[in-house]
$ cat target.txt   # compact mmCIF, C-alpha atoms
# COMPACT_ATOMS: atom_id res chain seq x y z
CA MET O 340 4.95 31.37 32.10
CA LEU O 341 3.08 31.90 28.82
CA ARG O 342 6.20 31.03 26.86
CA SER O 343 6.71 27.79 28.81
CA CYS O 344 3.04 26.79 28.28
CA PHE O 345 3.38 27.46 24.55
CA ALA O 346 6.54 25.34 24.44
CA ALA O 347 4.77 22.52 26.26
CA VAL O 348 1.83 22.60 23.82
CA LEU O 349 4.22 22.69 20.85
CA LEU O 350 6.13 19.72 22.23
CA LEU O 351 2.87 17.82 22.67
CA LEU O 352 1.82 18.55 19.09
CA LEU O 353 5.19 17.47 17.78
CA SER O 354 4.99 14.25 19.73
CA ILE O 355 1.69 13.19 18.14
CA PRO O 356 2.55 10.43 15.68
CA ALA O 357 2.17 11.13 11.99
CA ARG O 358 -1.18 9.89 10.81
CA ALA O 359 -0.88 6.70 8.84
CA ALA O 360 -3.05 4.21 7.03
CA VAL O 361 -3.13 0.44 7.04
CA ILE O 362 -3.44 -1.43 3.76
CA LEU O 363 -4.75 -4.98 4.12
CA GLN O 364 -3.81 -7.66 1.58
CA TYR O 365 -5.99 -10.73 1.14
CA HIS O 366 -5.76 -13.56 -1.40
CA HIS O 367 -8.52 -16.13 -0.77
CA VAL O 368 -11.75 -15.76 1.21
CA ALA O 369 -12.92 -19.36 1.30
CA ASP O 370 -13.07 -22.47 3.46
CA ASN O 371 -11.34 -24.86 1.04
CA THR O 372 -8.31 -22.98 -0.32
CA PRO O 373 -4.61 -23.08 0.76
CA ALA O 374 -4.48 -22.15 4.43
CA ALA O 375 -1.37 -19.97 4.20
CA THR O 376 -3.06 -17.49 1.85
CA SER O 377 -6.66 -17.82 3.03
CA VAL O 378 -9.12 -16.56 5.58
CA SER O 379 -12.40 -18.37 6.03
CA VAL O 380 -15.65 -16.69 5.10
CA ALA O 381 -16.51 -16.43 8.80
CA GLN O 382 -13.15 -14.83 9.58
CA PHE O 383 -13.53 -12.28 6.80
CA ALA O 384 -17.04 -11.40 7.99
CA GLU O 385 -15.60 -10.96 11.51
CA HIS O 386 -12.85 -8.66 10.19
CA MET O 387 -15.28 -6.42 8.33
CA ALA O 388 -17.71 -6.31 11.26
CA TYR O 389 -14.83 -5.21 13.50
CA LEU O 390 -13.89 -2.38 11.13
CA ALA O 391 -17.49 -1.18 10.99
CA ALA O 392 -18.13 -1.43 14.73
CA ASN O 393 -14.93 0.43 15.63
CA ASP O 394 -15.32 3.41 13.30
CA PHE O 395 -12.52 2.61 10.87
CA LYS O 396 -12.60 4.70 7.70
CA VAL O 397 -12.30 2.30 4.78
CA VAL O 398 -11.27 4.33 1.74
CA PRO O 399 -10.41 3.50 -1.88
CA LEU O 400 -6.74 2.68 -2.27
CA SER O 401 -6.38 5.37 -4.93
CA ARG O 402 -7.61 8.01 -2.49
CA LEU O 403 -5.17 6.85 0.18
CA VAL O 404 -2.31 7.05 -2.33
CA GLU O 405 -3.27 10.58 -3.32
CA ALA O 406 -3.29 11.66 0.33
CA ILE O 407 0.25 10.29 0.81
CA ARG O 408 1.45 11.79 -2.47
CA GLU O 409 0.05 15.22 -1.62
CA GLY O 410 1.21 15.14 2.00
CA SER O 411 -2.36 15.41 3.28
CA VAL O 412 -3.13 14.50 6.87
CA LEU O 413 -4.78 11.09 6.95
CA SER O 414 -7.81 10.62 9.17
CA PRO O 415 -7.36 8.38 12.19
CA LYS O 416 -8.19 4.71 11.58
CA THR O 417 -7.83 4.93 7.80
CA VAL O 418 -7.82 1.52 6.10
CA ALA O 419 -7.70 0.32 2.49
CA ILE O 420 -8.63 -3.24 1.49
CA THR O 421 -6.89 -5.07 -1.35
CA PHE O 422 -7.03 -8.55 -2.89
CA ASP O 423 -4.30 -10.10 -5.02
CA ASP O 424 -4.70 -12.41 -8.02
CA GLY O 425 -8.44 -12.21 -8.72
CA TYR O 426 -9.83 -15.50 -7.42
CA GLN O 427 -13.51 -16.24 -8.00
CA ASN O 428 -14.06 -16.76 -4.27
CA ILE O 429 -13.52 -13.02 -3.77
CA ALA O 430 -16.48 -12.29 -6.04
CA ASP O 431 -18.57 -15.06 -4.45
CA ASN O 432 -17.70 -14.65 -0.77
CA ALA O 433 -15.96 -11.35 -0.04
CA ASP O 434 -17.77 -8.95 -2.34
CA PRO O 435 -21.25 -9.44 -0.77
CA ILE O 436 -19.84 -8.81 2.71
CA LEU O 437 -18.00 -5.68 1.55
CA LYS O 438 -21.12 -4.42 -0.23
CA GLN O 439 -23.08 -4.97 2.99
CA TYR O 440 -20.87 -2.41 4.74
CA GLY O 441 -20.33 -0.15 1.74
CA PHE O 442 -16.56 -0.77 1.91
CA PRO O 443 -14.56 -0.01 -1.26
CA TYR O 444 -11.75 -2.31 -2.29
CA THR O 445 -9.09 -2.83 -4.93
CA LEU O 446 -8.54 -6.05 -6.86
CA PHE O 447 -5.02 -6.60 -8.25
CA VAL O 448 -5.32 -8.93 -11.24
CA ALA O 449 -2.98 -10.75 -13.65
CA ILE O 450 -4.27 -11.22 -17.18
CA GLU O 451 -2.88 -14.57 -18.36
CA PRO O 452 -4.05 -16.73 -15.40
CA MET O 453 -7.52 -15.20 -15.79
CA ASP O 454 -7.73 -15.73 -19.56
CA LYS O 455 -6.53 -19.33 -19.23
CA GLY O 456 -8.89 -20.07 -16.35
CA PHE O 457 -6.15 -21.15 -13.95
CA GLY O 458 -7.01 -22.21 -10.41
CA GLY O 459 -10.47 -20.74 -9.98
CA MET O 460 -9.68 -17.31 -11.38
CA MET O 461 -12.42 -14.79 -12.19
CA SER O 462 -13.44 -14.28 -15.79
CA ARG O 463 -13.34 -10.99 -17.65
CA GLU O 464 -17.12 -10.86 -17.41
CA THR O 465 -16.97 -11.12 -13.61
CA LEU O 466 -14.33 -8.41 -13.47
CA LYS O 467 -16.46 -6.14 -15.66
CA ARG O 468 -19.43 -6.67 -13.36
CA LEU O 469 -17.38 -5.87 -10.27
CA ALA O 470 -15.83 -2.80 -11.89
CA ALA O 471 -19.30 -1.56 -12.86
CA SER O 472 -20.33 -1.90 -9.20
CA GLY O 473 -17.48 0.36 -8.07
CA VAL O 474 -14.60 -2.08 -7.46
CA ASP O 475 -11.20 -0.73 -8.54
CA LEU O 476 -9.13 -3.05 -10.76
CA ALA O 477 -5.35 -2.69 -10.68
CA ASN O 478 -2.19 -4.23 -12.12
CA HIS O 479 -0.57 -7.45 -10.88
CA SER O 480 1.58 -8.20 -13.97
CA TYR O 481 0.57 -10.14 -17.08
CA GLY O 482 1.32 -13.67 -15.97
CA HIS O 483 1.99 -13.30 -12.22
CA GLU O 484 5.70 -13.80 -12.86
CA HIS O 485 8.72 -13.51 -10.57
CA LEU O 486 9.56 -10.19 -12.17
CA ILE O 487 13.12 -9.74 -10.91
CA ARG O 488 14.28 -13.03 -12.45
CA ARG O 489 16.02 -12.64 -15.80
CA LEU O 490 15.64 -15.20 -18.56
CA PRO O 491 18.70 -17.22 -19.65
CA GLY O 492 21.05 -14.95 -21.60
CA GLU O 493 18.95 -11.85 -20.88
CA ASP O 494 20.89 -8.69 -20.03
CA ALA O 495 19.63 -5.78 -17.91
CA ALA O 496 18.34 -3.75 -20.87
CA ALA O 497 16.42 -6.67 -22.37
CA TRP O 498 14.96 -7.56 -18.97
CA LEU O 499 13.76 -4.00 -18.40
CA ALA O 500 12.22 -3.86 -21.88
CA ARG O 501 10.35 -7.09 -21.11
CA MET O 502 9.10 -5.63 -17.83
CA GLU O 503 7.89 -2.51 -19.61
CA THR O 504 5.92 -4.57 -22.15
CA ASN O 505 4.52 -6.80 -19.40
CA ILE O 506 3.27 -4.02 -17.15
CA LEU O 507 2.02 -1.63 -19.84
CA ASN O 508 0.16 -4.39 -21.70
CA THR O 509 -1.47 -5.47 -18.46
CA GLU O 510 -2.49 -1.88 -17.71
CA ALA O 511 -4.04 -1.59 -21.18
CA GLU O 512 -6.07 -4.78 -20.66
CA ILE O 513 -7.29 -3.58 -17.27
CA GLU O 514 -8.39 -0.31 -18.83
CA LYS O 515 -10.36 -2.25 -21.46
CA ILE O 516 -12.16 -4.17 -18.74
CA SER O 517 -12.79 -1.38 -16.23
CA GLY O 518 -12.57 1.81 -18.28
CA LYS O 519 -9.91 3.14 -15.89
CA SER O 520 -6.12 3.12 -15.60
CA LEU O 521 -5.23 3.78 -11.98
CA LYS O 522 -1.52 2.97 -12.38
CA LEU O 523 -1.45 1.00 -9.15
CA PHE O 524 0.89 -2.00 -9.32
CA ALA O 525 1.27 -4.86 -6.83
CA TYR O 526 4.51 -6.84 -7.18
CA PRO O 527 3.80 -10.58 -7.56
CA TYR O 528 5.17 -12.45 -4.54
CA GLY O 529 6.20 -9.04 -3.16
CA GLU O 530 9.44 -9.26 -5.18
CA TYR O 531 10.95 -6.10 -6.63
CA ASN O 532 14.27 -4.34 -7.08
CA ALA O 533 15.57 -0.78 -7.39
CA ASP O 534 15.54 -0.82 -11.21
CA LEU O 535 11.89 -1.83 -11.28
CA GLN O 536 11.05 0.84 -8.70
CA LEU O 537 12.78 3.51 -10.77
CA TRP O 538 10.92 2.47 -13.92
CA LEU O 539 7.56 2.56 -12.11
CA GLU O 540 8.33 6.01 -10.75
CA LYS O 541 9.21 7.35 -14.20
CA GLN O 542 6.00 5.92 -15.63
CA GLY O 543 3.85 7.41 -12.87
CA PHE O 544 2.95 4.06 -11.24
CA VAL O 545 2.62 3.45 -7.52
CA GLY O 546 4.06 0.13 -6.31
CA PHE O 547 2.84 -2.12 -3.49
CA GLY O 548 4.83 -4.83 -1.75
CA GLN O 549 3.95 -7.59 0.68
CA GLN O 550 6.18 -6.34 3.48
CA SER O 551 4.27 -5.33 6.60
CA GLY O 552 3.86 -1.88 8.12
CA ALA O 553 1.63 1.17 8.06
CA ALA O 554 1.73 3.46 5.02
CA GLY O 555 2.26 7.20 5.29
CA LYS O 556 4.55 10.14 4.65
CA TYR O 557 7.70 8.10 5.32
CA SER O 558 6.81 5.34 2.84
CA ALA O 559 8.24 5.01 -0.67
CA LEU O 560 5.50 5.31 -3.28
CA THR O 561 7.13 2.53 -5.27
CA ALA O 562 7.09 0.08 -2.34
CA LEU O 563 4.11 0.85 -0.12
CA PRO O 564 3.70 -1.70 2.66
CA ARG O 565 0.65 -3.92 3.08
CA PHE O 566 -0.26 -6.31 5.87
CA PRO O 567 -0.84 -9.81 4.48
CA VAL O 568 -3.93 -11.35 6.08
CA GLY O 569 -4.21 -15.12 5.92
CA GLY O 570 -3.21 -18.34 7.61
CA ARG O 571 -1.82 -17.70 11.08
CA TYR O 572 -2.02 -13.98 10.37
CA GLY O 573 -5.77 -14.18 9.78
CA GLU O 574 -6.93 -14.21 13.40
CA LEU O 575 -8.78 -11.12 14.60
CA GLY O 576 -6.33 -10.58 17.47
CA GLU O 577 -3.45 -10.34 14.96
CA LEU O 578 -5.47 -7.96 12.81
CA LYS O 579 -6.26 -5.64 15.72
CA THR O 580 -2.53 -5.17 16.40
CA LYS O 581 -1.84 -4.32 12.77
CA LEU O 582 -4.76 -1.93 12.49
CA SER O 583 -3.27 0.19 15.29
CA SER O 584 0.20 0.35 13.72
CA LEU O 585 1.97 3.60 12.86
CA ASN O 586 4.20 4.67 9.98
CA MET O 587 7.80 4.28 11.16
CA PRO O 588 9.47 7.73 10.81
CA VAL O 589 12.39 6.65 8.61
CA LEU O 590 14.35 9.74 7.58
CA LYS O 591 17.11 7.86 5.76
CA GLN O 592 18.25 4.31 5.08
CA ASN O 593 21.50 2.94 3.73
CA ARG O 594 19.76 0.76 1.16
CA SER O 595 16.21 0.04 0.03
CA ASN O 596 16.90 -2.38 -2.85
CA PRO O 597 15.65 -5.79 -1.65
CA GLN O 598 17.46 -7.82 -4.32
CA LEU O 599 20.65 -9.28 -2.86
CA ALA O 600 23.74 -10.37 -4.74
CA VAL O 601 24.84 -13.99 -4.57
CA ASP O 602 27.40 -13.24 -1.86
CA GLU O 603 25.06 -11.04 0.24
CA ARG O 604 23.81 -13.42 2.88
CA ARG O 605 23.51 -11.09 5.88
CA PRO O 606 22.50 -7.65 4.57
CA LEU O 607 23.21 -4.70 6.84
CA LEU O 608 20.31 -2.27 7.25
CA GLU O 609 20.98 1.16 8.76
CA LEU O 610 18.09 3.53 9.46
CA THR O 611 18.03 7.16 10.60
CA LEU O 612 14.80 7.72 12.51
CA ASP O 613 12.84 10.52 14.13
CA THR O 614 12.76 9.04 17.63
CA GLN O 615 10.89 11.75 19.53
CA ASP O 616 7.73 9.64 19.92
CA PHE O 617 9.34 6.36 20.94
CA ASN O 618 12.14 5.14 23.18
CA PRO O 619 14.91 3.70 20.98
CA LEU O 620 15.73 1.14 23.67
CA GLN O 621 12.23 -0.30 23.27
CA MET O 622 12.64 -1.05 19.57
CA MET O 623 12.76 -4.73 18.69
CA CYS O 624 13.53 -6.22 15.29
CA TYR O 625 12.71 -9.64 13.89
CA VAL O 626 14.73 -11.48 11.26
CA SER O 627 12.86 -14.06 9.17
CA GLY O 628 13.53 -17.51 10.58
CA GLN O 629 15.86 -16.15 13.27
CA GLY O 630 13.50 -14.58 15.77
CA PRO O 631 13.81 -11.32 17.74
CA GLN O 632 17.00 -9.27 17.69
CA LYS O 633 17.78 -5.96 19.37
CA PRO O 634 19.10 -3.34 16.96
CA GLU O 635 22.41 -1.61 17.55
CA TRP O 636 22.02 2.14 18.12
CA LEU O 637 24.88 4.25 16.77
CA ASP O 638 23.46 7.40 18.35
CA GLY O 639 20.03 8.74 19.35
CA GLN O 640 18.66 8.47 15.82
CA ARG O 641 20.74 5.95 13.88
CA MET O 642 20.33 2.22 14.28
CA ARG O 643 21.49 -0.88 12.45
CA ILE O 644 20.28 -4.45 12.19
CA GLN O 645 21.97 -7.41 10.55
CA ALA O 646 21.02 -11.08 10.44
CA ALA O 647 23.06 -13.19 12.83
CA ARG O 648 22.97 -16.12 10.39
CA ASP O 649 22.78 -16.35 6.60
CA LEU O 650 19.39 -15.62 5.10
CA PRO O 651 18.06 -18.55 3.07
CA PRO O 652 17.57 -18.27 -0.70
CA GLY O 653 14.22 -16.71 -1.55
CA ARG O 654 12.27 -14.08 0.36
CA SER O 655 13.07 -12.79 3.85
CA ARG O 656 12.25 -9.76 5.99
CA TYR O 657 13.67 -7.53 8.69
CA ASN O 658 10.72 -6.26 10.74
CA CYS O 659 11.22 -3.57 13.38
CA THR O 660 8.64 -2.22 15.82
CA ALA O 661 8.61 0.26 18.70
CA PRO O 662 5.73 1.35 20.97
CA SER O 663 4.58 4.94 20.59
CA ARG O 664 4.80 7.27 23.56
CA SER O 665 1.57 9.10 22.67
CA HIS O 666 -0.47 6.36 21.01
CA SER O 667 -1.54 2.85 21.93
CA GLY O 668 -0.03 1.37 18.76
CA TYR O 669 3.42 0.44 17.51
CA TYR O 670 5.59 2.05 14.89
CA TRP O 671 6.21 -0.65 12.32
CA PHE O 672 8.77 -0.99 9.52
CA SER O 673 9.62 -3.92 7.30
CA GLN O 674 12.45 -4.32 4.79
CA ALA O 675 12.04 -7.05 2.21
CA TRP O 676 14.97 -9.12 0.92
CA VAL O 677 15.20 -11.54 -2.01
CA ARG O 678 18.32 -13.71 -2.28
CA PRO O 679 19.35 -16.08 -5.09
CA MET O 680 20.97 -19.44 -4.45
CA ASP O 681 24.76 -19.65 -4.25
CA ASN O 682 24.94 -20.66 -7.92
CA GLY O 683 23.04 -17.51 -8.93
CA GLU O 684 19.83 -19.37 -9.78
CA TRP O 685 16.51 -18.90 -8.02
CA PRO O 686 14.64 -21.41 -5.86
CA GLN O 687 11.94 -23.33 -7.66
CA GLU O 688 8.43 -22.36 -6.56
CA PRO O 689 4.95 -23.37 -7.71
$ encode --input "target.txt" --output "structure tokens"
Amino acid sequence: MLRSCFAAVLLLLLSIPARAAVILQYHHVADNTPAATSVSVAQFAEHMAYLAANDFKVVPLSRLVEAIREGSVLSPKTVAITFDDGYQNIADNADPILKQYGFPYTLFVAIEPMDKGFGGMMSRETLKRLAASGVDLANHSYGHEHLIRRLPGEDAAAWLARMETNILNTEAEIEKISGKSLKLFAYPYGEYNADLQLWLEKQGFVGFGQQSGAAGKYSALTALPRFPVGGRYGELGELKTKLSSLNMPVLKQNRSNPQLAVDERRPLLELTLDTQDFNPLQMMCYVSGQGPQKPEWLDGQRMRIQAARDLPPGRSRYNCTAPSRSHSGYYWFSQAWVRPMDNGEWPQEP
């Protein structure tokens, strides 16, 4: 009897989902900026009030990273708040609200757009003031470039050398402004590849994408997921769902490099998962632009998902979710893809 009780308790403990954290990614907090990358000031105030009223633990991003790196157990409801690009409206509109609640945050900045005063960017003086008040400044590349795109005639070695100069020079400038080098790097546009990940790892950097999902022990430290918050994803109801998400227990995957070759139009993703806390038959995946798609299960732990139609040139995602058996939230995993056009060139973007 005692042995069976012990086994039941052990099974219960094993079924508790691994603690995870949610990293939020904002761009603009304003009422007159591009809708797709913005939340209004009222929406942002509503988001922060919700976090405070519901006992979320908002922690510095650097502390969250250290917990994942060290394998520490994350507290329930752990959240980190990040902003990309360094727009002045963050200093004007978001910072006072965050200071009201005592919430720390990280600002990923690019140097060239700031120094040239592009599109309402903060100045160095504003960044120094924010850093002095406790805001963490981190690396978002020198010019907010599409980093995986090679220049005409550039080979792999020359491209990697250019990336090294770009990222290290940016880190040096951030250290001049803030007095700190956190070695936290957010990929512009969420675009990265395996070579860039390997370089970051060797240099001791942690990388952040724009693919969705909760961060935790099963996440790669060179491609930590963040939930973009803006546009149609800026409503509080959407945010509540994301804040309760769990780190998908991915034990193995057939590929993690998002950069596709010219002839890779329907990449095959195979995952080996720890499925003890969710029913595999309840997993649903979503292919960008193609809607929901049930994964194919090869056995009790291995599944595969593949787009039914060609992915378009540019950025796409496979998102997979499954409801937890022991928690009210969903396990959430996203794989980013970046595909060139059929002629090998990249789509033109602003």
$ residues_around --input "target.txt" --residues "Gly473 of chain O" --least-positions-apart "2" --cutoff "10 Å" --atoms "only C-alpha atoms" --output "ChimeraX atom specification"
/O:399,438,443-445,468-471,475-476,517
$ write_last_selection --input "target.txt" --atoms "C-alpha atoms" --output "PDB file, in the frame of the given file"
ATOM      1  CA  PRO O 399     -10.410   3.500  -1.880  1.00  0.00           C
ATOM      2  CA  LYS O 438     -21.120  -4.420  -0.230  1.00  0.00           C
ATOM      3  CA  PRO O 443     -14.560  -0.010  -1.260  1.00  0.00           C
ATOM      4  CA  TYR O 444     -11.750  -2.310  -2.290  1.00  0.00           C
ATOM      5  CA  THR O 445      -9.090  -2.830  -4.930  1.00  0.00           C
ATOM      6  CA  ARG O 468     -19.430  -6.670 -13.360  1.00  0.00           C
ATOM      7  CA  LEU O 469     -17.380  -5.870 -10.270  1.00  0.00           C
ATOM      8  CA  ALA O 470     -15.830  -2.800 -11.890  1.00  0.00           C
ATOM      9  CA  ALA O 471     -19.300  -1.560 -12.860  1.00  0.00           C
ATOM     10  CA  ASP O 475     -11.200  -0.730  -8.540  1.00  0.00           C
ATOM     11  CA  LEU O 476      -9.130  -3.050 -10.760  1.00  0.00           C
ATOM     12  CA  SER O 517     -12.790  -1.380 -16.230  1.00  0.00           C
TER      13      SER O 517
END
$ residues_around --input "target.txt" --residues "Glu688 of chain O" --least-positions-apart "5" --cutoff "12 Å" --atoms "all atoms listed in the file" --output "ChimeraX atom specification"
/O:484-485,528,652-654
$ closest_residue --input "target.txt" --among "O:Glu603, O:Asp616, O:Val368, O:Asn593" --to "His386 of chain O" --atoms "all atoms listed in the file"
O:Val368
$ atom_distance --input "target.txt" --atom1 "atom CA of Thr421 of chain O" --atom2 "atom CA of Leu437 of chain O"
11.5 Å
$ atom_distance --input "target.txt" --atom1 "atom CA of Arg488 of chain O" --atom2 "atom CA of Trp538 of chain O"
15.9 Å
$ closest_residue --input "target.txt" --among "O:Gly529, O:Trp685, O:Arg489, O:Ser627" --to "Leu563 of chain O" --atoms "all atoms listed in the file"
O:Gly529
$ residues_around --input "target.txt" --residues "segment 498-512 of chain O" --least-positions-apart "2" --cutoff "12 Å" --atoms "all atoms listed in the file" --output "ChimeraX atom specification"
/O:447-454,463,466-467,476-496,514-527,531-539,541-544,546
$ residues_around --input "target.txt" --residues "His366 of chain O" --least-positions-apart "6" --cutoff "6 Å" --atoms "only C-alpha atoms" --output "PDB file with C-alpha atoms, in the coordinates of the input"
ATOM      1  CA  THR O 376      -3.060 -17.490   1.850  1.00  0.00           C
ATOM      2  CA  PHE O 422      -7.030  -8.550  -2.890  1.00  0.00           C
ATOM      3  CA  ASP O 423      -4.300 -10.100  -5.020  1.00  0.00           C
TER       4      ASP O 423
END
$ closest_residue --input "target.txt" --among "O:Phe457, O:Tyr625, O:Tyr365, O:Phe566" --to "Lys581 of chain O" --atoms "all atoms listed in the file"
O:Phe566
$ atom_distance --input "target.txt" --atom1 "atom CA of Val380 of chain O" --atom2 "atom CA of Ala433 of chain O"
7.4 Å
$ closest_residue --input "target.txt" --among "O:Pro651, O:Gly410, O:Gly576, O:Pro631" --to "Pro686 of chain O" --atoms "only C-alpha atoms"
O:Pro651
$ residues_around --input "target.txt" --residues "Arg594 of chain O" --least-positions-apart "2" --cutoff "12 Å" --atoms "only C-alpha atoms" --output "VMD selection string"
chain O and resid 532 to 533 591 to 592 596 to 599 606 to 611 643 674 to 676
$ closest_residue --input "target.txt" --among "O:Ser377, O:Gln621, O:Thr417, O:Thr372" --to "Lys396 of chain O" --atoms "all atoms listed in the file"
O:Thr417
$ closest_residue --input "target.txt" --among "O:Gln645, O:Gln382, O:Thr614, O:Gln550" --to "Ile436 of chain O" --atoms "only C-alpha atoms"
O:Gln382
$ build_atoms --input "target.txt" --residues "segment 583-595 of chain O" --atoms "N, CA and C atoms" --output "short mmCIF file (atom, residue, chain, number, x, y, z; two decimals), keeping the file's coordinate frame"
data_model
loop_
_atom_site.label_atom_id
_atom_site.label_comp_id
_atom_site.auth_asym_id
_atom_site.auth_seq_id
_atom_site.Cartn_x
_atom_site.Cartn_y
_atom_site.Cartn_z
N SER O 583 -3.69 -0.93 14.44
CA SER O 583 -3.27 0.19 15.29
C SER O 583 -1.82 0.60 15.03
N SER O 584 -1.21 0.06 13.99
CA SER O 584 0.20 0.35 13.72
C SER O 584 0.38 1.75 13.16
N LEU O 585 1.61 2.25 13.28
CA LEU O 585 1.97 3.60 12.86
C LEU O 585 3.11 3.54 11.85
N ASN O 586 3.17 4.56 11.02
CA ASN O 586 4.20 4.67 9.98
C ASN O 586 5.55 5.00 10.61
N MET O 587 6.48 4.06 10.56
CA MET O 587 7.80 4.28 11.16
C MET O 587 8.46 5.51 10.53
N PRO O 588 8.90 6.48 11.35
CA PRO O 588 9.47 7.73 10.81
C PRO O 588 10.91 7.56 10.33
N VAL O 589 11.07 6.90 9.19
CA VAL O 589 12.39 6.65 8.61
C VAL O 589 12.81 7.88 7.81
N LEU O 590 13.85 8.55 8.26
CA LEU O 590 14.35 9.74 7.58
C LEU O 590 15.37 9.38 6.50
N LYS O 591 16.09 8.27 6.71
CA LYS O 591 17.11 7.86 5.76
C LYS O 591 17.43 6.40 5.99
N GLN O 592 17.78 5.67 4.92
CA GLN O 592 18.25 4.31 5.08
C GLN O 592 19.39 4.04 4.11
N ASN O 593 20.28 3.16 4.52
CA ASN O 593 21.50 2.94 3.73
C ASN O 593 21.21 2.23 2.42
N ARG O 594 20.15 1.42 2.39
CA ARG O 594 19.76 0.76 1.16
C ARG O 594 18.29 0.38 1.23
N SER O 595 17.61 0.44 0.08
CA SER O 595 16.21 0.04 0.03
C SER O 595 15.98 -1.05 -1.01
#
